[in-house]
file start23.csv (CSV, C-alpha atoms)
chain,number,residue,atom,x,y,z
A,1,MET,CA,-14.4,2.9,13.2
A,2,ASP,CA,-12.7,-0.3,14.3
A,3,PRO,CA,-11.9,-2.3,11.1
A,4,GLU,CA,-13.6,-5.5,12.1
A,5,LYS,CA,-16.7,-3.6,13.2
A,6,ALA,CA,-16.8,-1.9,9.9
A,7,HIS,CA,-16.3,-5.2,8.2
A,8,HIS,CA,-19.4,-6.7,9.9
A,9,LEU,CA,-21.4,-3.5,9.3
A,10,VAL,CA,-20.9,-3.8,5.6
A,11,VAL,CA,-21.5,-7.5,5.3
A,12,ASP,CA,-24.5,-7.5,7.6
A,13,GLY,CA,-25.9,-4.4,5.9
A,14,LEU,CA,-25.6,-6.1,2.5
A,15,ALA,CA,-27.2,-9.2,3.9
A,16,ALA,CA,-30.1,-7.2,5.3
A,17,ALA,CA,-30.5,-5.3,2.0
A,18,GLY,CA,-30.6,-8.6,0.1
A,19,ALA,CA,-33.6,-9.6,2.1
A,20,ILE,CA,-35.6,-6.5,1.1
A,21,PRO,CA,-37.7,-7.0,-2.0
A,22,GLY,CA,-36.3,-4.9,-4.9
A,23,ALA,CA,-33.2,-3.8,-3.0
A,24,THR,CA,-30.7,-5.9,-5.0
A,25,SER,CA,-32.1,-4.5,-8.2
A,26,ILE,CA,-31.6,-1.0,-6.9
A,27,MET,CA,-28.0,-1.9,-5.9
A,28,ASN,CA,-27.4,-3.3,-9.3
A,29,ALA,CA,-28.7,-0.1,-10.9
A,30,MET,CA,-26.4,2.0,-8.7
A,31,TYR,CA,-23.2,-0.1,-8.9
A,32,GLY,CA,-23.7,-2.9,-11.5
A,33,VAL,CA,-21.5,-3.2,-14.5
A,34,ALA,CA,-23.1,-3.2,-17.9
A,35,ALA,CA,-22.6,-6.3,-20.0
A,36,THR,CA,-19.5,-5.9,-22.3
A,37,PRO,CA,-18.8,-8.6,-24.9
A,38,GLU,CA,-15.1,-7.7,-24.9
A,39,LEU,CA,-14.8,-8.6,-21.2
A,40,GLN,CA,-17.0,-11.8,-21.1
A,41,THR,CA,-14.9,-14.8,-20.2
A,42,GLU,CA,-15.5,-18.5,-20.6
A,43,LEU,CA,-13.5,-20.6,-18.1
A,44,PHE,CA,-14.0,-24.0,-16.6
A,45,GLY,CA,-17.2,-24.3,-18.7
A,46,ILE,CA,-18.6,-21.3,-16.8
A,47,THR,CA,-19.5,-17.9,-18.3
A,48,PHE,CA,-18.2,-14.9,-16.4
A,49,PRO,CA,-19.7,-11.5,-17.4
A,50,HIS,CA,-16.3,-9.9,-16.8
A,51,PRO,CA,-13.1,-11.0,-15.2
A,52,VAL,CA,-13.1,-9.0,-11.9
A,53,GLY,CA,-14.3,-11.0,-8.9
A,54,LEU,CA,-14.5,-10.7,-5.1
A,55,ALA,CA,-11.8,-12.6,-3.2
A,56,ALA,CA,-12.5,-14.8,-0.3
A,57,GLY,CA,-12.4,-13.5,3.2
A,58,LEU,CA,-15.0,-10.7,3.1
A,59,ASP,CA,-18.2,-12.8,3.0
A,60,LYS,CA,-16.9,-15.6,5.2
A,61,ASN,CA,-20.3,-17.2,5.8
A,62,GLY,CA,-22.1,-16.5,2.6
A,63,THR,CA,-24.5,-14.2,4.4
A,64,ALA,CA,-24.3,-11.4,1.8
A,65,SER,CA,-23.9,-13.3,-1.4
A,66,ASP,CA,-27.0,-11.7,-3.0
A,67,GLY,CA,-25.7,-8.2,-2.1
A,68,PHE,CA,-22.2,-8.9,-3.4
A,69,SER,CA,-23.6,-10.4,-6.6
A,70,SER,CA,-25.5,-7.1,-7.2
A,71,ILE,CA,-22.8,-4.5,-7.0
A,72,GLY,CA,-20.8,-5.2,-10.1
A,73,PHE,CA,-18.6,-8.2,-9.6
A,74,GLY,CA,-18.1,-10.7,-12.3
A,75,PHE,CA,-18.0,-13.5,-9.8
A,76,THR,CA,-17.8,-13.8,-6.0
A,77,GLU,CA,-16.0,-16.1,-3.6
A,78,VAL,CA,-17.4,-17.0,-0.2
A,79,GLY,CA,-15.5,-18.4,2.8
A,80,THR,CA,-13.1,-19.6,3.9
A,81,VAL,CA,-15.4,-22.1,5.5
A,82,THR,CA,-14.5,-25.0,7.7
A,83,PRO,CA,-16.5,-28.1,8.6
A,84,LYS,CA,-17.2,-26.9,12.1
A,85,GLY,CA,-17.8,-23.3,13.2
A,86,GLN,CA,-14.9,-21.7,15.0
A,87,PRO,CA,-14.2,-18.3,16.6
A,88,GLY,CA,-10.9,-17.6,14.9
A,89,ASN,CA,-8.0,-15.8,16.6
A,90,PRO,CA,-8.4,-13.3,19.5
A,91,GLN,CA,-9.3,-9.7,18.6
A,92,PRO,CA,-8.0,-7.2,17.5
A,93,ARG,CA,-7.1,-9.1,14.4
A,94,LEU,CA,-7.7,-6.8,11.5
A,95,PHE,CA,-5.6,-3.6,10.8
A,96,ARG,CA,-5.7,-0.8,8.3
A,97,LEU,CA,-2.5,0.7,6.9
A,98,PRO,CA,-3.9,3.6,4.9
A,99,PRO,CA,-0.6,5.2,3.6
A,100,ASP,CA,0.4,1.8,2.3
A,101,GLU,CA,-3.1,1.0,0.9
A,102,ALA,CA,-2.9,-2.3,2.7
A,103,LEU,CA,-4.5,-4.4,5.4
A,104,ILE,CA,-3.1,-6.9,7.8
A,105,ASN,CA,-5.4,-9.7,9.1
A,106,ARG,CA,-5.0,-12.6,11.4
A,107,MET,CA,-8.6,-13.6,11.5
A,108,GLY,CA,-7.9,-17.4,11.6
A,109,PHE,CA,-10.8,-18.8,9.6
A,110,ASN,CA,-13.5,-17.5,11.9
A,111,ASN,CA,-16.8,-18.8,10.5
A,112,TYR,CA,-20.1,-20.5,11.4
A,113,GLY,CA,-19.3,-23.8,9.7
A,114,ALA,CA,-20.3,-25.6,6.5
A,115,GLU,CA,-23.8,-26.5,7.5
A,116,ALA,CA,-24.6,-22.9,8.4
A,117,MET,CA,-23.1,-21.7,5.1
A,118,LYS,CA,-25.2,-24.2,3.2
A,119,GLU,CA,-28.4,-23.0,4.9
A,120,ARG,CA,-27.6,-19.4,3.8
A,121,LEU,CA,-26.5,-20.2,0.3
A,122,ASP,CA,-29.6,-22.4,-0.3
A,123,LYS,CA,-31.7,-19.2,0.2
A,124,ARG,CA,-29.9,-17.2,-2.5
A,125,LYS,CA,-32.3,-15.3,-4.7
A,126,VAL,CA,-29.7,-13.6,-6.9
A,127,HIS,CA,-27.9,-15.7,-9.5
A,128,ARG,CA,-26.4,-13.0,-11.7
A,129,VAL,CA,-22.8,-14.2,-11.4
A,130,PRO,CA,-20.9,-17.4,-10.6
A,131,ILE,CA,-20.1,-18.1,-7.0
A,132,ALA,CA,-17.1,-20.0,-5.6
A,133,VAL,CA,-16.8,-21.7,-2.2
A,134,ASN,CA,-13.4,-21.4,-0.5
A,135,ILE,CA,-12.8,-24.3,1.9
A,136,GLY,CA,-10.3,-24.9,4.7
A,137,LYS,CA,-9.6,-27.1,7.7
A,138,ASN,CA,-10.4,-26.5,11.3
A,139,LYS,CA,-7.7,-25.1,13.5
A,140,ASP,CA,-7.7,-28.2,15.8
A,141,THR,CA,-7.5,-30.7,12.9
A,142,PRO,CA,-4.0,-32.1,12.5
A,143,ASN,CA,-2.5,-31.9,9.0
A,144,GLU,CA,-2.5,-35.7,8.6
A,145,LEU,CA,-6.4,-35.5,8.9
A,146,ALA,CA,-6.8,-32.3,6.9
A,147,ALA,CA,-8.1,-34.1,3.8
A,148,ASP,CA,-11.2,-35.2,5.9
A,149,ASP,CA,-12.1,-31.6,6.6
A,150,TYR,CA,-11.8,-30.6,2.9
A,151,ARG,CA,-13.9,-33.6,1.8
A,152,SER,CA,-16.5,-32.8,4.5
A,153,CYS,CA,-16.9,-29.2,3.2
A,154,ILE,CA,-17.3,-30.4,-0.4
A,155,SER,CA,-19.9,-33.0,0.7
A,156,VAL,CA,-22.0,-30.5,2.5
A,157,LEU,CA,-21.6,-27.5,0.0
A,158,TYR,CA,-21.3,-29.2,-3.4
A,159,ASP,CA,-24.7,-27.9,-4.6
A,160,CYS,CA,-24.0,-24.4,-3.4
A,161,GLY,CA,-21.0,-23.4,-5.5
A,162,ASP,CA,-20.2,-23.1,-9.2
A,163,PHE,CA,-16.6,-23.9,-8.4
A,164,PHE,CA,-14.5,-24.6,-5.3
A,165,VAL,CA,-11.2,-23.3,-4.0
A,166,VAL,CA,-8.9,-25.2,-1.7
A,167,ASN,CA,-7.3,-22.8,0.7
A,168,ILE,CA,-3.9,-24.2,1.9
A,169,SER,CA,-2.1,-20.8,2.0
A,170,SER,CA,-3.6,-18.7,4.8
A,171,PRO,CA,-0.7,-17.7,7.2
A,172,ASN,CA,-3.2,-17.5,10.1
A,173,THR,CA,-3.8,-21.2,10.8
A,174,GLN,CA,-0.7,-22.8,12.2
A,175,GLY,CA,0.8,-25.4,9.9
A,176,LEU,CA,-1.7,-24.8,7.1
A,177,ARG,CA,1.0,-23.7,4.6
A,178,ASP,CA,2.8,-27.0,5.1
A,179,LEU,CA,0.1,-28.6,3.0
A,180,GLN,CA,1.4,-26.7,0.0
A,181,HIS,CA,4.4,-29.0,-0.4
A,182,GLY,CA,5.4,-32.6,-1.2
A,183,ASP,CA,3.4,-35.7,-0.6
A,184,GLU,CA,1.0,-33.8,1.7
A,185,LEU,CA,-0.2,-31.6,-1.2
A,186,LYS,CA,-0.4,-34.6,-3.5
A,187,GLN,CA,-2.5,-36.7,-1.1
A,188,LEU,CA,-4.7,-33.7,-0.2
A,189,LEU,CA,-5.5,-32.9,-3.8
A,190,GLN,CA,-6.2,-36.6,-4.6
A,191,ALA,CA,-8.7,-36.7,-1.8
A,192,VAL,CA,-10.3,-33.5,-2.9
A,193,THR,CA,-10.6,-34.5,-6.6
A,194,ASN,CA,-12.0,-37.9,-5.5
A,195,GLU,CA,-14.6,-36.3,-3.4
A,196,MET,CA,-15.6,-33.9,-6.2
A,197,SER,CA,-16.0,-37.0,-8.4
A,198,VAL,CA,-18.1,-38.8,-5.8
A,199,GLN,CA,-20.5,-35.9,-5.5
A,200,ALA,CA,-20.7,-35.5,-9.2
A,201,GLN,CA,-21.5,-39.2,-9.8
A,202,LYS,CA,-24.3,-38.9,-7.2
A,203,ARG,CA,-25.9,-36.2,-9.4
A,204,GLY,CA,-25.1,-37.8,-12.7
A,205,ALA,CA,-23.0,-34.8,-13.9
A,206,ALA,CA,-19.4,-33.9,-14.6
A,207,PRO,CA,-17.4,-32.8,-11.5
A,208,LYS,CA,-17.4,-29.1,-10.7
A,209,PRO,CA,-14.1,-27.2,-11.1
A,210,VAL,CA,-11.8,-27.0,-8.1
A,211,LEU,CA,-8.8,-24.6,-7.8
A,212,VAL,CA,-5.9,-24.3,-5.3
A,213,LYS,CA,-5.0,-21.0,-3.7
A,214,ILE,CA,-1.3,-20.7,-3.1
A,215,ALA,CA,0.9,-18.3,-1.0
A,216,PRO,CA,3.2,-15.6,-2.4
A,217,ASP,CA,6.0,-16.4,0.0
A,218,MET,CA,7.5,-19.6,-1.5
A,219,SER,CA,11.0,-19.8,-3.0
A,220,GLN,CA,11.3,-20.4,-6.7
A,221,ASP,CA,12.0,-24.1,-6.1
A,222,GLN,CA,9.1,-24.5,-3.8
A,223,LEU,CA,6.8,-22.7,-6.2
A,224,GLU,CA,7.9,-24.9,-9.2
A,225,HIS,CA,7.4,-28.1,-7.2
A,226,THR,CA,4.0,-27.0,-5.9
A,227,VAL,CA,2.8,-26.0,-9.4
A,228,HIS,CA,4.0,-29.3,-10.8
A,229,THR,CA,2.1,-31.2,-8.1
A,230,ILE,CA,-1.1,-29.1,-8.7
A,231,LYS,CA,-0.9,-29.6,-12.5
A,232,GLU,CA,-0.4,-33.4,-12.1
A,233,SER,CA,-3.4,-33.6,-9.7
A,234,GLY,CA,-5.8,-32.6,-12.4
A,235,VAL,CA,-7.4,-29.7,-10.6
A,236,ALA,CA,-8.9,-27.0,-12.7
A,237,GLY,CA,-6.7,-24.1,-11.8
A,238,ILE,CA,-4.7,-22.0,-9.4
A,239,ILE,CA,-5.4,-18.7,-7.5
A,240,ALA,CA,-2.3,-16.7,-7.1
A,241,THR,CA,-1.9,-15.4,-4.4
A,242,ASN,CA,-3.0,-15.4,-0.8
A,243,THR,CA,-1.8,-12.7,1.6
A,244,THR,CA,1.9,-12.3,2.4
A,245,LEU,CA,4.1,-12.4,5.5
A,246,SER,CA,6.5,-9.9,3.9
A,247,ARG,CA,6.6,-6.3,5.3
A,248,ASP,CA,8.9,-4.8,2.7
A,249,GLY,CA,8.4,-1.1,2.2
A,250,LEU,CA,5.6,-0.5,4.7
A,251,THR,CA,5.4,2.9,6.5
A,252,HIS,CA,2.5,2.5,8.9
A,253,ALA,CA,3.0,1.6,12.5
A,254,HIS,CA,0.7,-1.4,12.1
A,255,ALA,CA,3.5,-3.0,10.0
A,256,SER,CA,4.6,-4.8,13.1
A,257,GLU,CA,1.3,-6.6,13.6
A,258,THR,CA,1.4,-10.4,12.8
A,259,GLY,CA,-0.8,-11.8,10.1
A,260,GLY,CA,-1.3,-11.8,6.3
A,261,LEU,CA,-0.7,-8.6,4.4
A,262,SER,CA,-3.0,-7.7,1.5
A,263,GLY,CA,-3.2,-4.7,-0.8
A,264,ARG,CA,-0.9,-2.6,-2.9
A,265,PRO,CA,2.4,-3.9,-1.4
A,266,LEU,CA,1.5,-7.4,-2.6
A,267,ARG,CA,0.8,-6.3,-6.2
A,268,ASP,CA,4.2,-6.9,-7.9
A,269,ARG,CA,4.9,-10.2,-6.1
A,270,SER,CA,1.6,-11.8,-6.9
A,271,THR,CA,2.0,-10.7,-10.6
A,272,GLU,CA,5.4,-12.3,-10.6
A,273,VAL,CA,4.0,-15.6,-9.2
A,274,ILE,CA,1.3,-15.5,-11.9
A,275,ALA,CA,4.0,-15.1,-14.6
A,276,CYS,CA,6.1,-18.0,-13.2
A,277,ILE,CA,3.1,-20.3,-13.1
A,278,TYR,CA,2.1,-19.4,-16.7
A,279,ARG,CA,5.7,-19.9,-17.9
A,280,GLN,CA,6.1,-23.3,-16.1
A,281,THR,CA,2.7,-24.6,-17.4
A,282,GLY,CA,2.8,-23.0,-20.9
A,283,GLY,CA,-0.6,-21.5,-20.0
A,284,ALA,CA,-2.1,-25.0,-19.7
A,285,ILE,CA,-3.6,-24.4,-16.3
A,286,PRO,CA,-5.9,-21.4,-15.8
A,287,ILE,CA,-4.9,-18.8,-13.2
A,288,ILE,CA,-7.0,-16.4,-11.1
A,289,GLY,CA,-4.8,-13.4,-10.2
A,290,SER,CA,-5.2,-11.8,-6.7
A,291,GLY,CA,-3.2,-9.3,-4.8
A,292,GLY,CA,-2.8,-5.6,-4.8
A,293,ILE,CA,-5.2,-4.7,-7.7
A,294,PHE,CA,-6.3,-1.1,-7.3
A,295,THR,CA,-6.4,0.1,-10.9
A,296,ALA,CA,-7.4,-1.3,-14.3
A,297,GLN,CA,-3.7,-1.3,-15.2
A,298,ASP,CA,-3.0,-3.5,-12.1
A,299,ALA,CA,-5.6,-6.0,-13.3
A,300,TYR,CA,-4.4,-5.8,-16.9
A,301,ASP,CA,-0.8,-6.5,-15.8
A,302,LYS,CA,-2.0,-9.7,-14.1
A,303,ILE,CA,-4.0,-10.7,-17.1
A,304,ARG,CA,-1.1,-10.1,-19.5
A,305,ALA,CA,1.1,-12.1,-17.0
A,306,GLY,CA,-1.2,-15.1,-17.4
A,307,SER,CA,-4.3,-14.8,-15.3
A,308,SER,CA,-7.7,-15.4,-16.9
A,309,LEU,CA,-9.7,-13.8,-14.1
A,310,VAL,CA,-8.7,-11.5,-11.2
A,311,GLU,CA,-10.0,-10.8,-7.7
A,312,ILE,CA,-10.0,-7.8,-5.4
A,313,TYR,CA,-10.5,-7.3,-1.7
A,314,THR,CA,-8.5,-4.5,-0.2
A,315,ALA,CA,-9.3,-2.1,-3.1
A,316,LEU,CA,-13.0,-2.6,-2.3
A,317,ILE,CA,-12.3,-1.6,1.3
A,318,TYR,CA,-10.5,1.6,0.4
A,319,LYS,CA,-12.3,2.6,-2.8
A,320,GLY,CA,-15.9,1.3,-2.3
A,321,PRO,CA,-18.1,-0.5,-4.9
A,322,GLY,CA,-17.5,2.2,-7.6
A,323,VAL,CA,-14.1,0.5,-8.1
A,324,LEU,CA,-15.8,-2.2,-10.2
A,325,ARG,CA,-16.9,0.2,-12.9
A,326,GLU,CA,-13.6,1.9,-12.8
A,327,LEU,CA,-11.7,-1.4,-13.3
A,328,THR,CA,-14.0,-2.8,-16.0
A,329,SER,CA,-14.2,0.4,-18.1
A,330,GLY,CA,-10.4,0.7,-17.7
A,331,LEU,CA,-9.8,-2.9,-18.9
A,332,THR,CA,-12.0,-2.2,-22.0
A,333,GLU,CA,-9.7,0.7,-22.8
A,334,CYS,CA,-6.6,-1.4,-22.2
A,335,LEU,CA,-7.9,-4.0,-24.7
A,336,LYS,CA,-8.7,-1.3,-27.3
A,337,LYS,CA,-5.2,0.2,-26.9
A,338,ASP,CA,-3.6,-3.2,-27.6
A,339,GLY,CA,-6.0,-4.1,-30.4
A,340,TYR,CA,-7.6,-7.1,-28.7
A,341,ARG,CA,-11.2,-7.9,-29.4
A,342,ASN,CA,-11.7,-10.0,-26.2
A,343,ILE,CA,-10.0,-10.2,-22.8
A,344,ALA,CA,-9.1,-13.8,-23.5
A,345,GLU,CA,-6.7,-12.6,-26.2
A,346,ALA,CA,-4.7,-10.7,-23.6
A,347,VAL,CA,-4.2,-13.6,-21.3
A,348,GLY,CA,-0.4,-14.3,-21.2
A,349,ALA,CA,0.4,-11.7,-23.8
A,350,ASP,CA,3.6,-10.8,-22.0
A,351,HIS,CA,4.9,-14.3,-22.8
A,352,ARG,CA,4.4,-14.0,-26.6

call {"tool": "encode", "arguments": {"input": "start23.csv", "output": "structure tokens"}}
result
Amino acid sequence: MDPEKAHHLVVDGLAAAGAIPGATSIMNAMYGVAATPELQTELFGITFPHPVGLAAGLDKNGTASDGFSSIGFGFTEVGTVTPKGQPGNPQPRLFRLPPDEALINRMGFNNYGAEAMKERLDKRKVHRVPIAVNIGKNKDTPNELAADDYRSCISVLYDCGDFFVVNISSPNTQGLRDLQHGDELKQLLQAVTNEMSVQAQKRGAAPKPVLVKIAPDMSQDQLEHTVHTIKESGVAGIIATNTTLSRDGLTHAHASETGGLSGRPLRDRSTEVIACIYRQTGGAIPIIGSGGIFTAQDAYDKIRAGSSLVEIYTALIYKGPGVLRELTSGLTECLKKDGYRNIAEAVGADHR
């Protein structure tokens, strides 16, 4: 089946199932992960039943959040959402590379817009796990006005997410990655944190956490400067990493397609970026590790490198929802082998 058709079939199917009384309970019985004290994580003042979440990009519009919250994830991330709906890039724009256990996408932030996402998330019935809202800018918004788009998304969706993710690292929106550097990043994050504070004050509560998702393709100097700016901005954490433009080691004919590469080829680079961030910050800023996680050892390597939580996407496409039990049971074994009582003890272990 065409990859994008399969994508919509799964998301729409989960959305439809979520609307049937009792269906999410059945899905949770089939695929859910039993509560394990060793894997429970406290981060940003939020309790995560275990550290393995769903990365952004699969449920772009929040249509299937009840379904995804019922198949074993420790948290889910919806989006990327933009203020106005937009069609994204021309099709075909999603490609499987099975021998490389990878995907290439150039979707281009196709979504129905912030108001449509709010309408869907307001109807959520399942609140088993925390949910993050990943926000971006519209394609036709120039970078000098990008902050307005991010503020708009926060204003509309503030009540819908437990935490927020600023996406400035997709390779599929022209010029977006330029926002990762220098004064543009500083000003953007200042606008975002200000808007989070404004929304919190309206509700008489503390601001919700906001994280920044970064690319794996920066030089060492660029990465250090970006991490320094993020740390100084006061945001809650970093997601490392988004998809890559690298094509090293690929064997499938689709390697020549443009777009962001996800899956196993990204595994080592994303772990390396996590380790660099952890070293630079002394573990002071929480990291969510994303990129190429297919096995429990892959996830554990990212945790030992410095990530407190991890996310999957491509592994779910290739292995199905059973991968959640595989990863969580495997992580429990990794902890036992190393003599840790809780996953938090393993975070950054490679640096000690």

call {"tool": "closest_residue", "arguments": {"input": "start23.csv", "among": "A:Lys336, A:Lys186, A:Arg93, A:Lys319", "to": "Gly234 of chain A", "atoms": "only C-alpha atoms"}}
result
A:Lys186

call {"tool": "atom_distance", "arguments": {"input": "start23.csv", "atom1": "atom CA of Asn89 of chain A", "atom2": "atom CA of Val273 of chain A"}}
result
28.5 Å

call {"tool": "residues_around", "arguments": {"input": "start23.csv", "residues": "segment 302-317 of chain A", "least_positions_apart": "6", "cutoff": "6 Å", "atoms": "all atoms listed in the file", "output": "list in words"}}
result
Pro51, Val52, Gly53, Leu54, Ala55, Gly263, Thr271, Ala275, Tyr278, Ile287, Ile288, Gly289, Ser290, Phe294, Ala346, Val347, Gly348, Ala349 and Asp350 of chain A

call {"tool": "closest_residue", "arguments": {"input": "start23.csv", "among": "A:Val235, A:Cys160, A:Ile154, A:Ile135", "to": "Val198 of chain A", "atoms": "only C-alpha atoms"}}
result
A:Ile154

call {"tool": "closest_residue", "arguments": {"input": "start23.csv", "among": "A:Gly237, A:Gly79, A:Gly45, A:Gly249", "to": "Thr281 of chain A", "atoms": "all atoms listed in the file"}}
result
A:Gly237

call {"tool": "atom_distance", "arguments": {"input": "start23.csv", "atom1": "atom CA of Asn242 of chain A", "atom2": "atom CA of Pro37 of chain A"}}
result
29.6 Å

call {"tool": "residues_around", "arguments": {"input": "start23.csv", "residues": "segment 3-19 of chain A", "least_positions_apart": "3", "cutoff": "7 Å", "atoms": "all atoms listed in the file", "output": "list in words"}}
result
Ala23, Thr24, Asp59, Thr63, Ala64, Asp66, Gly67, Leu94, Phe95 and Arg96 of chain A

call {"tool": "build_atoms", "arguments": {"input": "start23.csv", "residues": "segment 192-216 of chain A", "atoms": "N, CA and C atoms", "output": "PDB file, keeping the file's coordinate frame"}}
result
ATOM      1  N   VAL A 192      -9.370 -34.476  -2.505  1.00  0.00           N
ATOM      2  CA  VAL A 192     -10.300 -33.500  -2.900  1.00  0.00           C
ATOM      3  C   VAL A 192     -10.945 -33.809  -4.285  1.00  0.00           C
ATOM      4  N   THR A 193     -10.100 -34.171  -5.253  1.00  0.00           N
ATOM      5  CA  THR A 193     -10.600 -34.500  -6.600  1.00  0.00           C
ATOM      6  C   THR A 193     -11.495 -35.759  -6.534  1.00  0.00           C
ATOM      7  N   ASN A 194     -11.135 -36.714  -5.669  1.00  0.00           N
ATOM      8  CA  ASN A 194     -12.000 -37.900  -5.500  1.00  0.00           C
ATOM      9  C   ASN A 194     -13.338 -37.547  -4.955  1.00  0.00           C
ATOM     10  N   GLU A 195     -13.361 -36.664  -3.963  1.00  0.00           N
ATOM     11  CA  GLU A 195     -14.600 -36.300  -3.400  1.00  0.00           C
ATOM     12  C   GLU A 195     -15.496 -35.491  -4.377  1.00  0.00           C
ATOM     13  N   MET A 196     -14.875 -34.645  -5.185  1.00  0.00           N
ATOM     14  CA  MET A 196     -15.600 -33.900  -6.200  1.00  0.00           C
ATOM     15  C   MET A 196     -16.250 -34.932  -7.202  1.00  0.00           C
ATOM     16  N   SER A 197     -15.509 -35.982  -7.534  1.00  0.00           N
ATOM     17  CA  SER A 197     -16.000 -37.000  -8.400  1.00  0.00           C
ATOM     18  C   SER A 197     -17.174 -37.789  -7.812  1.00  0.00           C
ATOM     19  N   VAL A 198     -17.026 -38.119  -6.522  1.00  0.00           N
ATOM     20  CA  VAL A 198     -18.100 -38.800  -5.800  1.00  0.00           C
ATOM     21  C   VAL A 198     -19.384 -38.032  -5.821  1.00  0.00           C
ATOM     22  N   GLN A 199     -19.269 -36.749  -5.507  1.00  0.00           N
ATOM     23  CA  GLN A 199     -20.500 -35.900  -5.500  1.00  0.00           C
ATOM     24  C   GLN A 199     -21.069 -35.726  -6.860  1.00  0.00           C
ATOM     25  N   ALA A 200     -20.219 -35.623  -7.865  1.00  0.00           N
ATOM     26  CA  ALA A 200     -20.700 -35.500  -9.200  1.00  0.00           C
ATOM     27  C   ALA A 200     -21.457 -36.733  -9.691  1.00  0.00           C
ATOM     28  N   GLN A 201     -20.890 -37.894  -9.373  1.00  0.00           N
ATOM     29  CA  GLN A 201     -21.500 -39.200  -9.800  1.00  0.00           C
ATOM     30  C   GLN A 201     -22.889 -39.316  -9.128  1.00  0.00           C
ATOM     31  N   LYS A 202     -23.039 -38.868  -7.892  1.00  0.00           N
ATOM     32  CA  LYS A 202     -24.300 -38.900  -7.200  1.00  0.00           C
ATOM     33  C   LYS A 202     -25.397 -38.141  -7.977  1.00  0.00           C
ATOM     34  N   ARG A 203     -24.942 -37.107  -8.686  1.00  0.00           N
ATOM     35  CA  ARG A 203     -25.900 -36.200  -9.400  1.00  0.00           C
ATOM     36  C   ARG A 203     -25.905 -36.482 -10.887  1.00  0.00           C
ATOM     37  N   GLY A 204     -25.112 -37.471 -11.327  1.00  0.00           N
ATOM     38  CA  GLY A 204     -25.100 -37.800 -12.700  1.00  0.00           C
ATOM     39  C   GLY A 204     -24.570 -36.705 -13.621  1.00  0.00           C
ATOM     40  N   ALA A 205     -23.558 -35.998 -13.129  1.00  0.00           N
ATOM     41  CA  ALA A 205     -23.000 -34.800 -13.900  1.00  0.00           C
ATOM     42  C   ALA A 205     -21.483 -34.880 -13.796  1.00  0.00           C
ATOM     43  N   ALA A 206     -20.858 -34.024 -14.597  1.00  0.00           N
ATOM     44  CA  ALA A 206     -19.400 -33.900 -14.600  1.00  0.00           C
ATOM     45  C   ALA A 206     -18.999 -33.173 -13.270  1.00  0.00           C
ATOM     46  N   PRO A 207     -17.818 -33.480 -12.717  1.00  0.00           N
ATOM     47  CA  PRO A 207     -17.400 -32.800 -11.500  1.00  0.00           C
ATOM     48  C   PRO A 207     -17.238 -31.292 -11.690  1.00  0.00           C
ATOM     49  N   LYS A 208     -17.567 -30.542 -10.659  1.00  0.00           N
ATOM     50  CA  LYS A 208     -17.400 -29.100 -10.700  1.00  0.00           C
ATOM     51  C   LYS A 208     -15.891 -28.771 -10.600  1.00  0.00           C
ATOM     52  N   PRO A 209     -15.496 -27.616 -11.131  1.00  0.00           N
ATOM     53  CA  PRO A 209     -14.100 -27.200 -11.100  1.00  0.00           C
ATOM     54  C   PRO A 209     -13.621 -26.981  -9.639  1.00  0.00           C
ATOM     55  N   VAL A 210     -12.372 -27.352  -9.357  1.00  0.00           N
ATOM     56  CA  VAL A 210     -11.800 -27.000  -8.100  1.00  0.00           C
ATOM     57  C   VAL A 210     -10.393 -26.431  -8.313  1.00  0.00           C
ATOM     58  N   LEU A 211     -10.089 -25.329  -7.622  1.00  0.00           N
ATOM     59  CA  LEU A 211      -8.800 -24.600  -7.800  1.00  0.00           C
ATOM     60  C   LEU A 211      -8.066 -24.663  -6.444  1.00  0.00           C
ATOM     61  N   VAL A 212      -6.784 -24.349  -6.499  1.00  0.00           N
ATOM     62  CA  VAL A 212      -5.900 -24.300  -5.300  1.00  0.00           C
ATOM     63  C   VAL A 212      -5.396 -22.895  -5.153  1.00  0.00           C
ATOM     64  N   LYS A 213      -5.545 -22.338  -3.941  1.00  0.00           N
ATOM     65  CA  LYS A 213      -5.000 -21.000  -3.700  1.00  0.00           C
ATOM     66  C   LYS A 213      -3.669 -21.123  -2.977  1.00  0.00           C
ATOM     67  N   ILE A 214      -2.655 -20.494  -3.555  1.00  0.00           N
ATOM     68  CA  ILE A 214      -1.300 -20.700  -3.100  1.00  0.00           C
ATOM     69  C   ILE A 214      -0.758 -19.332  -2.470  1.00  0.00           C
ATOM     70  N   ALA A 215       0.306 -19.467  -1.685  1.00  0.00           N
ATOM     71  CA  ALA A 215       0.900 -18.300  -1.000  1.00  0.00           C
ATOM     72  C   ALA A 215       1.948 -17.641  -1.923  1.00  0.00           C
ATOM     73  N   PRO A 216       2.223 -16.359  -1.664  1.00  0.00           N
ATOM     74  CA  PRO A 216       3.200 -15.600  -2.400  1.00  0.00           C
ATOM     75  C   PRO A 216       4.638 -15.775  -1.877  1.00  0.00           C
TER      76      PRO A 216
END
